>>> print(open('final.txt').read())   # compact mmCIF, C-alpha atoms and all ligand atoms
# COMPACT_ATOMS: atom_id res chain seq x y z
CA MET W 1 120.67 82.37 50.88
CA ALA W 2 121.92 84.18 53.99
CA ALA W 3 119.28 85.78 56.23
CA PRO W 4 119.15 89.60 56.30
CA ALA W 5 121.40 91.04 59.02
CA SER W 6 118.40 91.91 61.23
CA GLU W 7 117.24 88.27 61.13
CA THR W 8 120.64 86.67 61.66
CA PRO W 9 120.38 84.55 64.82
CA THR W 10 122.70 85.78 67.58
CA ASN W 11 124.41 83.83 70.35
CA GLN W 12 121.78 85.31 72.64
CA ASP W 13 119.01 83.83 70.44
CA ALA W 14 120.77 80.46 70.52
CA GLU W 15 121.02 80.62 74.32
CA LYS W 16 117.32 81.47 74.59
CA ARG W 17 116.43 78.44 72.43
CA HIS W 18 118.78 76.25 74.49
CA ALA W 19 117.12 77.34 77.75
CA ALA W 20 113.69 76.75 76.17
CA ALA W 21 114.60 73.26 74.96
CA THR W 22 115.93 72.38 78.41
CA ALA W 23 112.67 73.46 80.04
CA LEU W 24 110.61 71.54 77.50
CA GLY W 25 112.32 68.34 78.64
CA TRP W 26 110.66 68.80 82.06
CA VAL W 27 107.10 69.32 80.80
CA ARG W 28 104.84 66.31 81.28
CA SER W 29 101.48 65.39 79.76
CA GLY W 30 98.59 66.40 81.98
CA MET W 31 100.23 69.59 83.18
CA VAL W 32 98.37 72.90 83.20
CA LEU W 33 100.94 75.46 82.11
CA GLY W 34 101.35 79.19 82.36
CA LEU W 35 103.01 80.64 79.28
CA GLY W 36 105.27 83.65 79.71
CA SER W 37 105.88 86.61 77.42
CA GLY W 38 108.83 87.88 75.42
CA SER W 39 111.24 86.28 72.97
CA THR W 40 112.55 83.56 75.31
CA SER W 41 109.02 82.51 76.18
CA ALA W 42 108.14 82.58 72.47
CA ALA W 43 110.99 80.12 71.83
CA PHE W 44 109.52 77.85 74.53
CA ILE W 45 105.95 78.16 73.22
CA THR W 46 107.14 77.33 69.70
CA LEU W 47 108.90 74.14 70.85
CA LEU W 48 105.93 73.24 73.03
CA GLY W 49 103.60 73.70 70.06
CA GLU W 50 105.68 71.31 67.97
CA LYS W 51 105.35 68.61 70.66
CA VAL W 52 101.60 69.21 70.98
CA GLN W 53 101.13 69.01 67.20
CA ALA W 54 103.15 65.79 67.08
CA GLY W 55 100.85 64.30 69.75
CA GLU W 56 103.81 63.86 72.12
CA LEU W 57 102.46 66.17 74.85
CA GLN W 58 98.89 66.69 76.07
CA ILE W 59 98.81 69.91 78.06
CA GLN W 60 96.54 72.92 78.60
CA ALA W 61 97.74 76.47 79.06
CA THR W 62 96.95 80.10 79.78
CA ALA W 63 99.16 82.89 78.46
CA THR W 64 100.47 86.02 80.18
CA SER W 65 99.94 88.33 77.19
CA ARG W 66 97.82 88.66 74.08
CA ALA W 67 100.94 88.09 71.97
CA SER W 68 101.79 84.79 73.68
CA GLU W 69 98.14 83.74 73.54
CA ALA W 70 98.03 84.40 69.79
CA LEU W 71 101.22 82.39 69.26
CA ALA W 72 99.94 79.49 71.36
CA ARG W 73 96.59 79.50 69.54
CA GLN W 74 98.30 79.53 66.13
CA LEU W 75 100.37 76.50 67.22
CA GLY W 76 97.31 74.55 68.36
CA ILE W 77 98.06 74.66 72.09
CA PRO W 78 94.76 74.16 74.00
CA LEU W 79 94.03 77.36 75.94
CA LEU W 80 92.17 77.85 79.22
CA GLU W 81 90.35 81.07 80.06
CA PRO W 82 90.97 82.62 83.49
CA ARG W 83 88.51 81.23 86.06
CA GLN W 84 88.26 80.87 89.82
CA GLY W 85 90.22 77.91 91.13
CA LEU W 86 92.46 77.67 88.08
CA ARG W 87 96.03 76.89 89.11
CA PHE W 88 99.11 76.10 87.10
CA ASP W 89 101.44 73.17 87.67
CA LEU W 90 104.23 75.07 85.98
CA THR W 91 104.72 78.52 84.49
CA VAL W 92 107.67 79.07 82.18
CA ASP W 93 108.73 82.66 81.58
CA GLY W 94 111.71 84.85 80.74
CA ALA W 95 113.22 87.68 82.78
CA ASP W 96 115.13 90.88 82.17
CA GLU W 97 117.51 90.31 85.08
CA LEU W 98 117.96 87.64 87.73
CA ASP W 99 120.43 87.27 90.56
CA ALA W 100 121.77 84.25 92.45
CA GLN W 101 118.92 84.55 94.99
CA LEU W 102 116.44 84.23 92.10
CA ARG W 103 115.20 87.77 92.50
CA LEU W 104 113.94 89.00 89.16
CA ILE W 105 113.29 92.14 87.17
CA LYS W 106 110.53 91.49 84.65
CA GLY W 107 108.28 93.56 82.42
CA GLY W 108 110.63 94.61 79.65
CA GLY W 109 107.95 93.34 77.29
CA GLY W 110 105.21 95.15 79.23
CA ALA W 111 103.41 92.02 80.47
CA LEU W 112 104.44 92.19 84.14
CA LEU W 113 100.91 92.40 85.57
CA ARG W 114 99.50 89.30 83.88
CA GLU W 115 102.81 87.54 84.51
CA LYS W 116 102.62 88.24 88.24
CA VAL W 117 98.96 87.16 88.35
CA LEU W 118 99.60 83.79 86.67
CA GLU W 119 102.86 83.18 88.47
CA THR W 120 101.23 83.80 91.84
CA ALA W 121 98.68 81.12 90.85
CA SER W 122 101.47 78.67 89.89
CA ASP W 123 102.93 75.83 91.93
CA TYR W 124 106.26 76.20 90.12
CA LEU W 125 107.78 79.14 88.27
CA LEU W 126 110.69 78.29 85.99
CA ILE W 127 112.62 81.22 84.52
CA LEU W 128 114.51 80.92 81.24
CA ALA W 129 117.40 83.25 80.52
CA ASP W 130 120.37 83.79 78.29
CA SER W 131 123.66 84.48 80.05
CA SER W 132 123.36 88.28 79.74
CA LYS W 133 120.42 88.28 82.18
CA TYR W 134 122.26 86.68 85.11
CA VAL W 135 123.67 89.57 87.17
CA ALA W 136 125.46 90.12 90.48
CA GLN W 137 123.08 92.95 91.44
CA LEU W 138 119.68 93.97 90.10
CA GLY W 139 119.02 97.43 88.68
CA ARG W 140 121.00 98.06 85.53
CA PHE W 141 117.91 97.04 83.52
CA PRO W 142 115.27 99.77 84.04
CA LEU W 143 112.60 98.52 86.44
CA PRO W 144 109.16 98.59 84.73
CA LEU W 145 106.01 99.79 86.47
CA GLU W 146 102.46 99.45 85.15
CA VAL W 147 100.68 102.72 85.98
CA VAL W 148 97.08 103.92 85.77
CA PRO W 149 97.16 106.90 83.32
CA PHE W 150 95.38 109.34 85.70
CA ALA W 151 97.99 108.75 88.40
CA LEU W 152 101.02 109.24 86.16
CA PRO W 153 102.22 112.72 87.32
CA TRP W 154 102.21 111.73 91.00
CA VAL W 155 103.75 108.34 90.33
CA LEU W 156 106.60 110.10 88.48
CA ASP W 157 107.10 112.46 91.46
CA ALA W 158 107.17 109.55 93.91
CA VAL W 159 109.57 107.45 91.82
CA GLU W 160 111.88 110.43 91.34
CA ALA W 161 111.96 110.86 95.12
CA LEU W 162 113.11 107.23 95.38
CA GLY W 163 115.96 107.93 92.90
CA GLY W 164 114.38 105.95 90.08
CA ALA W 165 114.80 108.40 87.15
CA PRO W 166 111.45 107.39 85.57
CA ILE W 167 110.81 107.44 81.82
CA VAL W 168 107.32 106.87 80.41
CA ARG W 169 107.69 104.12 77.81
CA PRO W 170 107.15 105.45 74.29
CA ASN W 171 105.40 103.77 71.36
CA ALA W 172 105.56 105.73 68.12
CA GLN W 173 102.69 103.66 66.67
CA GLN W 174 100.18 104.99 69.23
CA PRO W 175 98.31 108.29 68.62
CA ASP W 176 99.64 109.75 71.90
CA GLY W 177 103.11 108.25 71.36
CA LEU W 178 102.89 106.16 74.54
CA TYR W 179 103.11 102.40 75.07
CA ARG W 180 99.98 100.73 76.51
CA SER W 181 99.82 97.42 78.35
CA ASP W 182 97.24 94.75 77.46
CA GLN W 183 95.13 96.41 80.20
CA GLY W 184 95.43 99.88 78.61
CA ASN W 185 97.78 101.20 81.30
CA LEU W 186 101.06 103.08 80.88
CA LEU W 187 104.52 101.65 81.47
CA VAL W 188 107.15 103.63 83.37
CA ASP W 189 110.76 102.44 83.25
CA CYS W 190 112.75 103.38 86.36
CA HIS W 191 116.51 103.81 86.01
CA PHE W 192 117.84 102.96 89.45
CA ASN W 193 121.10 101.55 88.05
CA VAL W 194 121.66 99.66 91.32
CA ILE W 195 118.88 98.24 93.51
CA ALA W 196 120.63 97.67 96.82
CA ASP W 197 117.57 96.34 98.68
CA PRO W 198 114.95 94.88 96.29
CA ALA W 199 112.56 93.88 99.11
CA GLN W 200 112.51 97.39 100.57
CA LEU W 201 112.03 98.96 97.12
CA ALA W 202 109.15 96.57 96.40
CA LEU W 203 107.41 97.72 99.58
CA GLN W 204 107.99 101.39 98.72
CA LEU W 205 106.55 100.94 95.23
CA GLN W 206 103.53 98.98 96.50
CA ALA W 207 102.69 101.97 98.72
CA ILE W 208 102.42 104.43 95.79
CA PRO W 209 98.78 104.80 94.61
CA GLY W 210 98.39 104.34 90.86
CA ILE W 211 101.15 101.76 90.44
CA VAL W 212 99.15 98.70 89.45
CA GLU W 213 102.21 96.44 89.60
CA HIS W 214 106.01 96.64 89.65
CA GLY W 215 108.51 94.40 87.90
CA LEU W 216 110.31 93.06 90.97
CA PHE W 217 109.46 89.35 91.29
CA LEU W 218 110.85 88.32 94.67
CA GLY W 219 110.60 84.85 96.19
CA MET W 220 108.41 83.65 93.31
CA ALA W 221 110.66 81.48 91.11
CA GLN W 222 111.65 77.96 92.16
CA ALA W 223 114.44 77.71 89.57
CA ALA W 224 115.94 79.32 86.50
CA VAL W 225 117.70 77.82 83.50
CA VAL W 226 120.51 80.11 82.42
CA ALA W 227 122.04 79.14 79.09
CA GLN W 228 125.74 79.97 78.75
CA GLY W 229 126.88 78.99 75.28
CA ALA W 230 126.48 75.22 74.99
CA ARG W 231 125.91 74.85 78.76
CA ALA W 232 122.67 75.26 80.67
CA LEU W 233 122.85 76.01 84.38
CA VAL W 234 120.12 75.49 86.93
CA VAL W 235 119.98 78.41 89.38
CA ARG W 236 118.10 77.98 92.67
CA ALA W 237 118.06 80.37 95.63
CA GLY W 238 120.53 79.35 98.33
CA MET W 239 121.96 76.44 96.33
CA PRO W 240 125.05 76.18 94.15
CA ASP W 241 124.40 76.45 90.41
CA ALA W 242 124.23 73.01 88.76
CA GLU W 243 124.36 71.61 85.23
CA ALA W 244 120.81 71.29 83.88
CA GLU W 245 121.56 68.01 82.11
CA GLY W 246 121.79 66.36 85.56
CA PHE W 247 118.02 66.83 86.08
CA ALA W 248 115.57 64.37 84.56
CA GLU W 249 112.64 66.22 86.20
CA LEU W 250 112.00 69.82 87.25
CA PRO W 251 114.87 70.87 89.54
C1 LIG J 1 107.85 90.54 79.54
C2 LIG J 1 108.94 89.96 80.33
C3 LIG J 1 109.93 89.12 79.60
O1 LIG J 1 109.98 87.88 80.21
C4 LIG J 1 111.27 89.79 79.69
O2 LIG J 1 111.16 91.11 79.17
C5 LIG J 1 112.33 89.01 78.91
O3 LIG J 1 112.09 89.14 77.54
P1 LIG J 1 112.99 88.40 76.45
O4 LIG J 1 112.79 86.93 76.66
O5 LIG J 1 112.45 88.88 75.13
O6 LIG J 1 114.41 88.81 76.68
O7 LIG J 1 109.06 90.15 81.51
O8 LIG J 1 107.04 91.39 80.31
>>> encode(input="final.txt", output="structure tokens", more="lines below")
Ligand code: 5RP
Amino acid sequence: MAAPASETPTNQDAEKRHAAATALGWVRSGMVLGLGSGSTSAAFITLLGEKVQAGELQIQATATSRASEALARQLGIPLLEPRQGLRFDLTVDGADELDAQLRLIKGGGGALLREKVLETASDYLLILADSSKYVAQLGRFPLPLEVVPFALPWVLDAVEALGGAPIVRPNAQQPDGLYRSDQGNLLVDCHFNVIADPAQLALQLQAIPGIVEHGLFLGMAQAAVVAQGARALVVRAGMPDAEAEGFAELP
């Protein structure tokens, strides 16, 4: 029987799974992993769980969101609680946009704070993306900010002054109609359309009190796997894109 239209896998879904399967080929037993959030990360966690259940990989992991943690737990992936000194050999995560310099917009799923925490504690960040995410210039995807609720009015003023056209993320299921992060903070999506200078914008956002974290991830990822149909490309800053199948180990 055919799946309902809403469940019919798309080319984008297939590319996400392809990127996830490529990354899985570089995971080795003994690694401590960071697990990202969102649908691409979920595809990776699912494949990882199958390997763990089959006894083919012995790894430990910490997740960047409650949703990813629940999925990993359900699949029998051994989980580590946050503790001092904990570092990750490899974190695998998705992105909302990436450019050829491996600058990222993240946080479409609202997990940007925990993602940035784990990824800062990681020796290697590998980004997985379908082809729609790989862009010439960042900014068409609205840049997410995690914001302390008390500070919201002034954060909106400050982001407007930067040209960011902020929208507080809604969630119809919440009593106040607003989306909350795993930390109970608000999400503000900033419509810059074009971010000409991501480094300068990151500094400007860091200077606004009440913004707990912004979704620009600059200089953090070592490589990305971008699936384009049946191909998977490895993207690294300052290097030509290469076919992923040429890499037996992490690029
Ligand atoms: C969550 C994220 C996700 O990695 C990003 O939104 C991509 O999601 P998806 O894989 O579902 O397209 O940053 O905060």
>>> closest_atom_pairs(input="final.txt", of="chain W", to="ligand LIG 1 (chain J)", cutoff="8 Å", atoms="only C-alpha atoms and all ligand atoms", output="tab-separated table")
residue	atom	partner	partner_atom	distance
W:Lys16	CA	J:LIG1	O4	7.4
W:Gly36	CA	J:LIG1	O1	6.4
W:Ser37	CA	J:LIG1	C1	4.9
W:Gly38	CA	J:LIG1	O5	3.8
W:Ser39	CA	J:LIG1	O5	3.6
W:Thr40	CA	J:LIG1	O4	3.6
W:Ser41	CA	J:LIG1	O4	5.8
W:Ala42	CA	J:LIG1	O4	7.6
W:Asp93	CA	J:LIG1	O1	5.5
W:Gly94	CA	J:LIG1	O1	3.5
W:Ala95	CA	J:LIG1	O1	4.1
W:Asp96	CA	J:LIG1	C5	4.7
W:Ile105	CA	J:LIG1	O7	7.3
W:Lys106	CA	J:LIG1	O7	3.7
W:Gly107	CA	J:LIG1	O8	3.3
W:Gly108	CA	J:LIG1	O2	3.6
W:Gly109	CA	J:LIG1	C1	3.6
W:Gly110	CA	J:LIG1	O8	4.3
W:Ala111	CA	J:LIG1	O8	3.7
W:Leu112	CA	J:LIG1	O8	4.7
W:Glu115	CA	J:LIG1	O8	7.1
W:Leu128	CA	J:LIG1	O4	7.7
W:Ala129	CA	J:LIG1	O4	7.0
W:Asp130	CA	J:LIG1	O6	8.0
W:Gly215	CA	J:LIG1	O7	7.7
>>> closest_residue(input="final.txt", among="W:Asp157, W:Asp197, W:Asp123, W:Glu243", to="W:Ala224", atoms="only C-alpha atoms")
W:Glu243
>>> atom_distance(input="final.txt", atom1="atom CA of W:Glu213", atom2="atom CA of W:Asp189")
12.2 Å
>>> residues_around(input="final.txt", residues="W:Pro78", least_positions_apart="3", cutoff="8 Å", atoms="all atoms listed in the file", output="list in words")
Ile59, Gln60, Ala61, Ala72 and Arg73 of chain W
>>> closest_residue(input="final.txt", among="W:Gln58, W:Ser131, W:Ser29, W:Gln53", to="W:Val225", atoms="all atoms listed in the file")
W:Ser131
>>> closest_residue(input="final.txt", among="W:Ile208, W:Ile127, W:Ala199, W:Arg180", to="W:Val155", atoms="all atoms listed in the file")
W:Ile208
>>> atom_distance(input="final.txt", atom1="atom CA of W:Thr22", atom2="atom CA of W:Leu250")
10.0 Å
>>> residues_around(input="final.txt", residues="W:Glu146", least_positions_apart="3", cutoff="6 Å", atoms="all atoms listed in the file", output="ChimeraX atom specification")
/W:186-187,211-213
>>> atom_distance(input="final.txt", atom1="atom CA of W:Asp241", atom2="atom CA of W:Val27")
21.0 Å
>>> residues_around(input="final.txt", residues="W:Ile77", least_positions_apart="3", cutoff="12 Å", atoms="only C-alpha atoms", output="compact mmCIF listing (two decimals) with C-alpha atoms, in the coordinates of the input")
# COMPACT_ATOMS: atom_id res chain seq x y z
CA VAL W 32 98.37 72.90 83.20
CA LEU W 33 100.94 75.46 82.11
CA GLY W 34 101.35 79.19 82.36
CA LEU W 35 103.01 80.64 79.28
CA ILE W 45 105.95 78.16 73.22
CA THR W 46 107.14 77.33 69.70
CA LEU W 47 108.90 74.14 70.85
CA LEU W 48 105.93 73.24 73.03
CA GLY W 49 103.60 73.70 70.06
CA GLU W 50 105.68 71.31 67.97
CA LYS W 51 105.35 68.61 70.66
CA VAL W 52 101.60 69.21 70.98
CA GLN W 53 101.13 69.01 67.20
CA ALA W 54 103.15 65.79 67.08
CA GLY W 55 100.85 64.30 69.75
CA LEU W 57 102.46 66.17 74.85
CA GLN W 58 98.89 66.69 76.07
CA ILE W 59 98.81 69.91 78.06
CA GLN W 60 96.54 72.92 78.60
CA ALA W 61 97.74 76.47 79.06
CA THR W 62 96.95 80.10 79.78
CA ALA W 63 99.16 82.89 78.46
CA SER W 68 101.79 84.79 73.68
CA GLU W 69 98.14 83.74 73.54
CA ALA W 70 98.03 84.40 69.79
CA LEU W 71 101.22 82.39 69.26
CA ALA W 72 99.94 79.49 71.36
CA ARG W 73 96.59 79.50 69.54
CA GLN W 74 98.30 79.53 66.13
CA LEU W 80 92.17 77.85 79.22
>>> residues_around(input="final.txt", residues="W:Leu156", least_positions_apart="2", cutoff="9 Å", atoms="all atoms listed in the file", output="ChimeraX atom specification")
/W:151-154,158-161,164-168,188
>>> closest_residue(input="final.txt", among="W:Val147, W:Leu75, W:Leu102, W:Leu201", to="W:Gly238", atoms="all atoms listed in the file")
W:Leu102
>>> residues_around(input="final.txt", residues="W:Glu97", least_positions_apart="2", cutoff="8 Å", atoms="all atoms listed in the file", output="list of chain:residue names")
W:Ala95, W:Asp99, W:Leu104, W:Ile105, W:Lys106, W:Lys133, W:Tyr134, W:Val135, W:Leu138, W:Phe141
>>> residues_near_point(input="final.txt", point="(103.4, 84.6, 92.3)", cutoff="9 Å", atoms="all atoms listed in the file", output="PyMOL selection string")
chain W and resi 115-123+125+217-221
>>> write_last_selection(input="final.txt", atoms="C-alpha atoms", output="PDB file, keeping the file's coordinate frame")
ATOM      1  CA  GLU W 115     102.810  87.540  84.510  1.00  0.00           C
ATOM      2  CA  LYS W 116     102.620  88.240  88.240  1.00  0.00           C
ATOM      3  CA  VAL W 117      98.960  87.160  88.350  1.00  0.00           C
ATOM      4  CA  LEU W 118      99.600  83.790  86.670  1.00  0.00           C
ATOM      5  CA  GLU W 119     102.860  83.180  88.470  1.00  0.00           C
ATOM      6  CA  THR W 120     101.230  83.800  91.840  1.00  0.00           C
ATOM      7  CA  ALA W 121      98.680  81.120  90.850  1.00  0.00           C
ATOM      8  CA  SER W 122     101.470  78.670  89.890  1.00  0.00           C
ATOM      9  CA  ASP W 123     102.930  75.830  91.930  1.00  0.00           C
ATOM     10  CA  LEU W 125     107.780  79.140  88.270  1.00  0.00           C
ATOM     11  CA  PHE W 217     109.460  89.350  91.290  1.00  0.00           C
ATOM     12  CA  LEU W 218     110.850  88.320  94.670  1.00  0.00           C
ATOM     13  CA  GLY W 219     110.600  84.850  96.190  1.00  0.00           C
ATOM     14  CA  MET W 220     108.410  83.650  93.310  1.00  0.00           C
ATOM     15  CA  ALA W 221     110.660  81.480  91.110  1.00  0.00           C
TER      16      ALA W 221
END
>>> closest_residue(input="final.txt", among="W:Leu113, W:Leu126, W:Ala230, W:Leu143", to="W:Gln183", atoms="all atoms listed in the file")
W:Leu113
>>> closest_residue(input="final.txt", among="W:Gly184, W:Leu24, W:Ser132, W:Pro142", to="W:Ala227", atoms="only C-alpha atoms")
W:Ser132
>>> decode(input="final.txt", residues="stretch 171-182 of chain W", atoms="all heavy atoms", output="PDB file, in the first residue's frame")
ATOM      1  N   ASN W 171       4.266  28.684  18.551  1.00  0.00           N
ATOM      2  CA  ASN W 171       3.946  27.265  18.761  1.00  0.00           C
ATOM      3  C   ASN W 171       2.510  27.201  19.291  1.00  0.00           C
ATOM      4  O   ASN W 171       2.254  27.512  20.464  1.00  0.00           O
ATOM      5  CB  ASN W 171       4.917  26.620  19.752  1.00  0.00           C
ATOM      6  CG  ASN W 171       4.620  25.135  19.956  1.00  0.00           C
ATOM      7  OD1 ASN W 171       3.560  24.648  19.552  1.00  0.00           O
ATOM      8  ND2 ASN W 171       5.547  24.425  20.575  1.00  0.00           N
ATOM      9  N   ALA W 172       1.618  26.813  18.404  1.00  0.00           N
ATOM     10  CA  ALA W 172       0.181  26.845  18.726  1.00  0.00           C
ATOM     11  C   ALA W 172      -0.164  25.912  19.887  1.00  0.00           C
ATOM     12  O   ALA W 172      -1.200  26.075  20.533  1.00  0.00           O
ATOM     13  CB  ALA W 172      -0.621  26.476  17.486  1.00  0.00           C
ATOM     14  N   GLN W 173       0.731  24.928  20.164  1.00  0.00           N
ATOM     15  CA  GLN W 173       0.436  23.972  21.246  1.00  0.00           C
ATOM     16  C   GLN W 173       0.712  24.554  22.640  1.00  0.00           C
ATOM     17  O   GLN W 173       0.290  23.989  23.641  1.00  0.00           O
ATOM     18  CB  GLN W 173       1.274  22.707  21.079  1.00  0.00           C
ATOM     19  CG  GLN W 173       0.546  21.588  20.324  1.00  0.00           C
ATOM     20  CD  GLN W 173       1.020  21.508  18.896  1.00  0.00           C
ATOM     21  OE1 GLN W 173       2.200  21.243  18.677  1.00  0.00           O
ATOM     22  NE2 GLN W 173       0.134  21.728  17.944  1.00  0.00           N
ATOM     23  N   GLN W 174       1.446  25.657  22.706  1.00  0.00           N
ATOM     24  CA  GLN W 174       1.777  26.249  24.010  1.00  0.00           C
ATOM     25  C   GLN W 174       0.677  27.211  24.455  1.00  0.00           C
ATOM     26  O   GLN W 174       0.080  27.888  23.608  1.00  0.00           O
ATOM     27  CB  GLN W 174       3.106  27.019  23.911  1.00  0.00           C
ATOM     28  CG  GLN W 174       4.319  26.132  23.741  1.00  0.00           C
ATOM     29  CD  GLN W 174       4.535  25.199  24.914  1.00  0.00           C
ATOM     30  OE1 GLN W 174       4.395  25.583  26.071  1.00  0.00           O
ATOM     31  NE2 GLN W 174       4.864  23.939  24.615  1.00  0.00           N
ATOM     32  N   PRO W 175       0.432  27.315  25.785  1.00  0.00           N
ATOM     33  CA  PRO W 175      -0.626  28.215  26.270  1.00  0.00           C
ATOM     34  C   PRO W 175      -0.442  29.655  25.785  1.00  0.00           C
ATOM     35  O   PRO W 175      -1.416  30.330  25.463  1.00  0.00           O
ATOM     36  CB  PRO W 175      -0.494  28.130  27.799  1.00  0.00           C
ATOM     37  CG  PRO W 175       0.263  26.872  28.064  1.00  0.00           C
ATOM     38  CD  PRO W 175       1.093  26.565  26.863  1.00  0.00           C
ATOM     39  N   ASP W 176       0.803  30.142  25.728  1.00  0.00           N
ATOM     40  CA  ASP W 176       1.017  31.524  25.273  1.00  0.00           C
ATOM     41  C   ASP W 176       1.268  31.617  23.766  1.00  0.00           C
ATOM     42  O   ASP W 176       1.539  32.692  23.237  1.00  0.00           O
ATOM     43  CB  ASP W 176       2.171  32.179  26.044  1.00  0.00           C
ATOM     44  CG  ASP W 176       3.509  31.481  25.808  1.00  0.00           C
ATOM     45  OD1 ASP W 176       3.549  30.476  25.069  1.00  0.00           O
ATOM     46  OD2 ASP W 176       4.532  31.941  26.365  1.00  0.00           O
ATOM     47  N   GLY W 177       1.180  30.470  23.080  1.00  0.00           N
ATOM     48  CA  GLY W 177       1.333  30.477  21.619  1.00  0.00           C
ATOM     49  C   GLY W 177       2.762  30.627  21.138  1.00  0.00           C
ATOM     50  O   GLY W 177       2.998  30.811  19.948  1.00  0.00           O
ATOM     51  N   LEU W 178       3.737  30.520  22.076  1.00  0.00           N
ATOM     52  CA  LEU W 178       5.133  30.743  21.691  1.00  0.00           C
ATOM     53  C   LEU W 178       5.975  29.480  21.869  1.00  0.00           C
ATOM     54  O   LEU W 178       5.799  28.723  22.838  1.00  0.00           O
ATOM     55  CB  LEU W 178       5.738  31.881  22.530  1.00  0.00           C
ATOM     56  CG  LEU W 178       5.082  33.251  22.342  1.00  0.00           C
ATOM     57  CD1 LEU W 178       5.748  34.282  23.242  1.00  0.00           C
ATOM     58  CD2 LEU W 178       5.148  33.697  20.883  1.00  0.00           C
ATOM     59  N   TYR W 179       6.900  29.291  20.945  1.00  0.00           N
ATOM     60  CA  TYR W 179       7.829  28.156  20.994  1.00  0.00           C
ATOM     61  C   TYR W 179       8.813  28.358  22.159  1.00  0.00           C
ATOM     62  O   TYR W 179       9.264  29.476  22.412  1.00  0.00           O
ATOM     63  CB  TYR W 179       8.599  28.094  19.665  1.00  0.00           C
ATOM     64  CG  TYR W 179       9.570  26.951  19.568  1.00  0.00           C
ATOM     65  CD1 TYR W 179       9.198  25.746  18.991  1.00  0.00           C
ATOM     66  CD2 TYR W 179      10.868  27.085  20.059  1.00  0.00           C
ATOM     67  CE1 TYR W 179      10.103  24.696  18.913  1.00  0.00           C
ATOM     68  CE2 TYR W 179      11.763  26.041  19.987  1.00  0.00           C
ATOM     69  CZ  TYR W 179      11.373  24.846  19.408  1.00  0.00           C
ATOM     70  OH  TYR W 179      12.263  23.808  19.336  1.00  0.00           O
ATOM     71  N   ARG W 180       9.127  27.280  22.855  1.00  0.00           N
ATOM     72  CA  ARG W 180      10.139  27.323  23.931  1.00  0.00           C
ATOM     73  C   ARG W 180      11.259  26.339  23.611  1.00  0.00           C
ATOM     74  O   ARG W 180      11.000  25.221  23.156  1.00  0.00           O
ATOM     75  CB  ARG W 180       9.526  26.908  25.277  1.00  0.00           C
ATOM     76  CG  ARG W 180       8.401  27.783  25.745  1.00  0.00           C
ATOM     77  CD  ARG W 180       8.927  29.011  26.436  1.00  0.00           C
ATOM     78  NE  ARG W 180       7.850  30.008  26.570  1.00  0.00           N
ATOM     79  CZ  ARG W 180       7.912  31.079  27.337  1.00  0.00           C
ATOM     80  NH1 ARG W 180       8.982  31.320  28.055  1.00  0.00           N
ATOM     81  NH2 ARG W 180       6.918  31.926  27.403  1.00  0.00           N
ATOM     82  N   SER W 181      12.480  26.744  23.889  1.00  0.00           N
ATOM     83  CA  SER W 181      13.618  25.831  23.732  1.00  0.00           C
ATOM     84  C   SER W 181      13.623  24.821  24.865  1.00  0.00           C
ATOM     85  O   SER W 181      12.858  24.940  25.834  1.00  0.00           O
ATOM     86  CB  SER W 181      14.928  26.629  23.745  1.00  0.00           C
ATOM     87  OG  SER W 181      15.179  27.085  25.058  1.00  0.00           O
ATOM     88  N   ASP W 182      14.524  23.854  24.802  1.00  0.00           N
ATOM     89  CA  ASP W 182      14.670  22.875  25.894  1.00  0.00           C
ATOM     90  C   ASP W 182      15.025  23.571  27.207  1.00  0.00           C
ATOM     91  O   ASP W 182      14.834  23.005  28.283  1.00  0.00           O
ATOM     92  CB  ASP W 182      15.772  21.849  25.555  1.00  0.00           C
ATOM     93  CG  ASP W 182      15.277  20.790  24.562  1.00  0.00           C
ATOM     94  OD1 ASP W 182      14.060  20.753  24.278  1.00  0.00           O
ATOM     95  OD2 ASP W 182      16.117  20.007  24.066  1.00  0.00           O
TER      96      ASP W 182
END
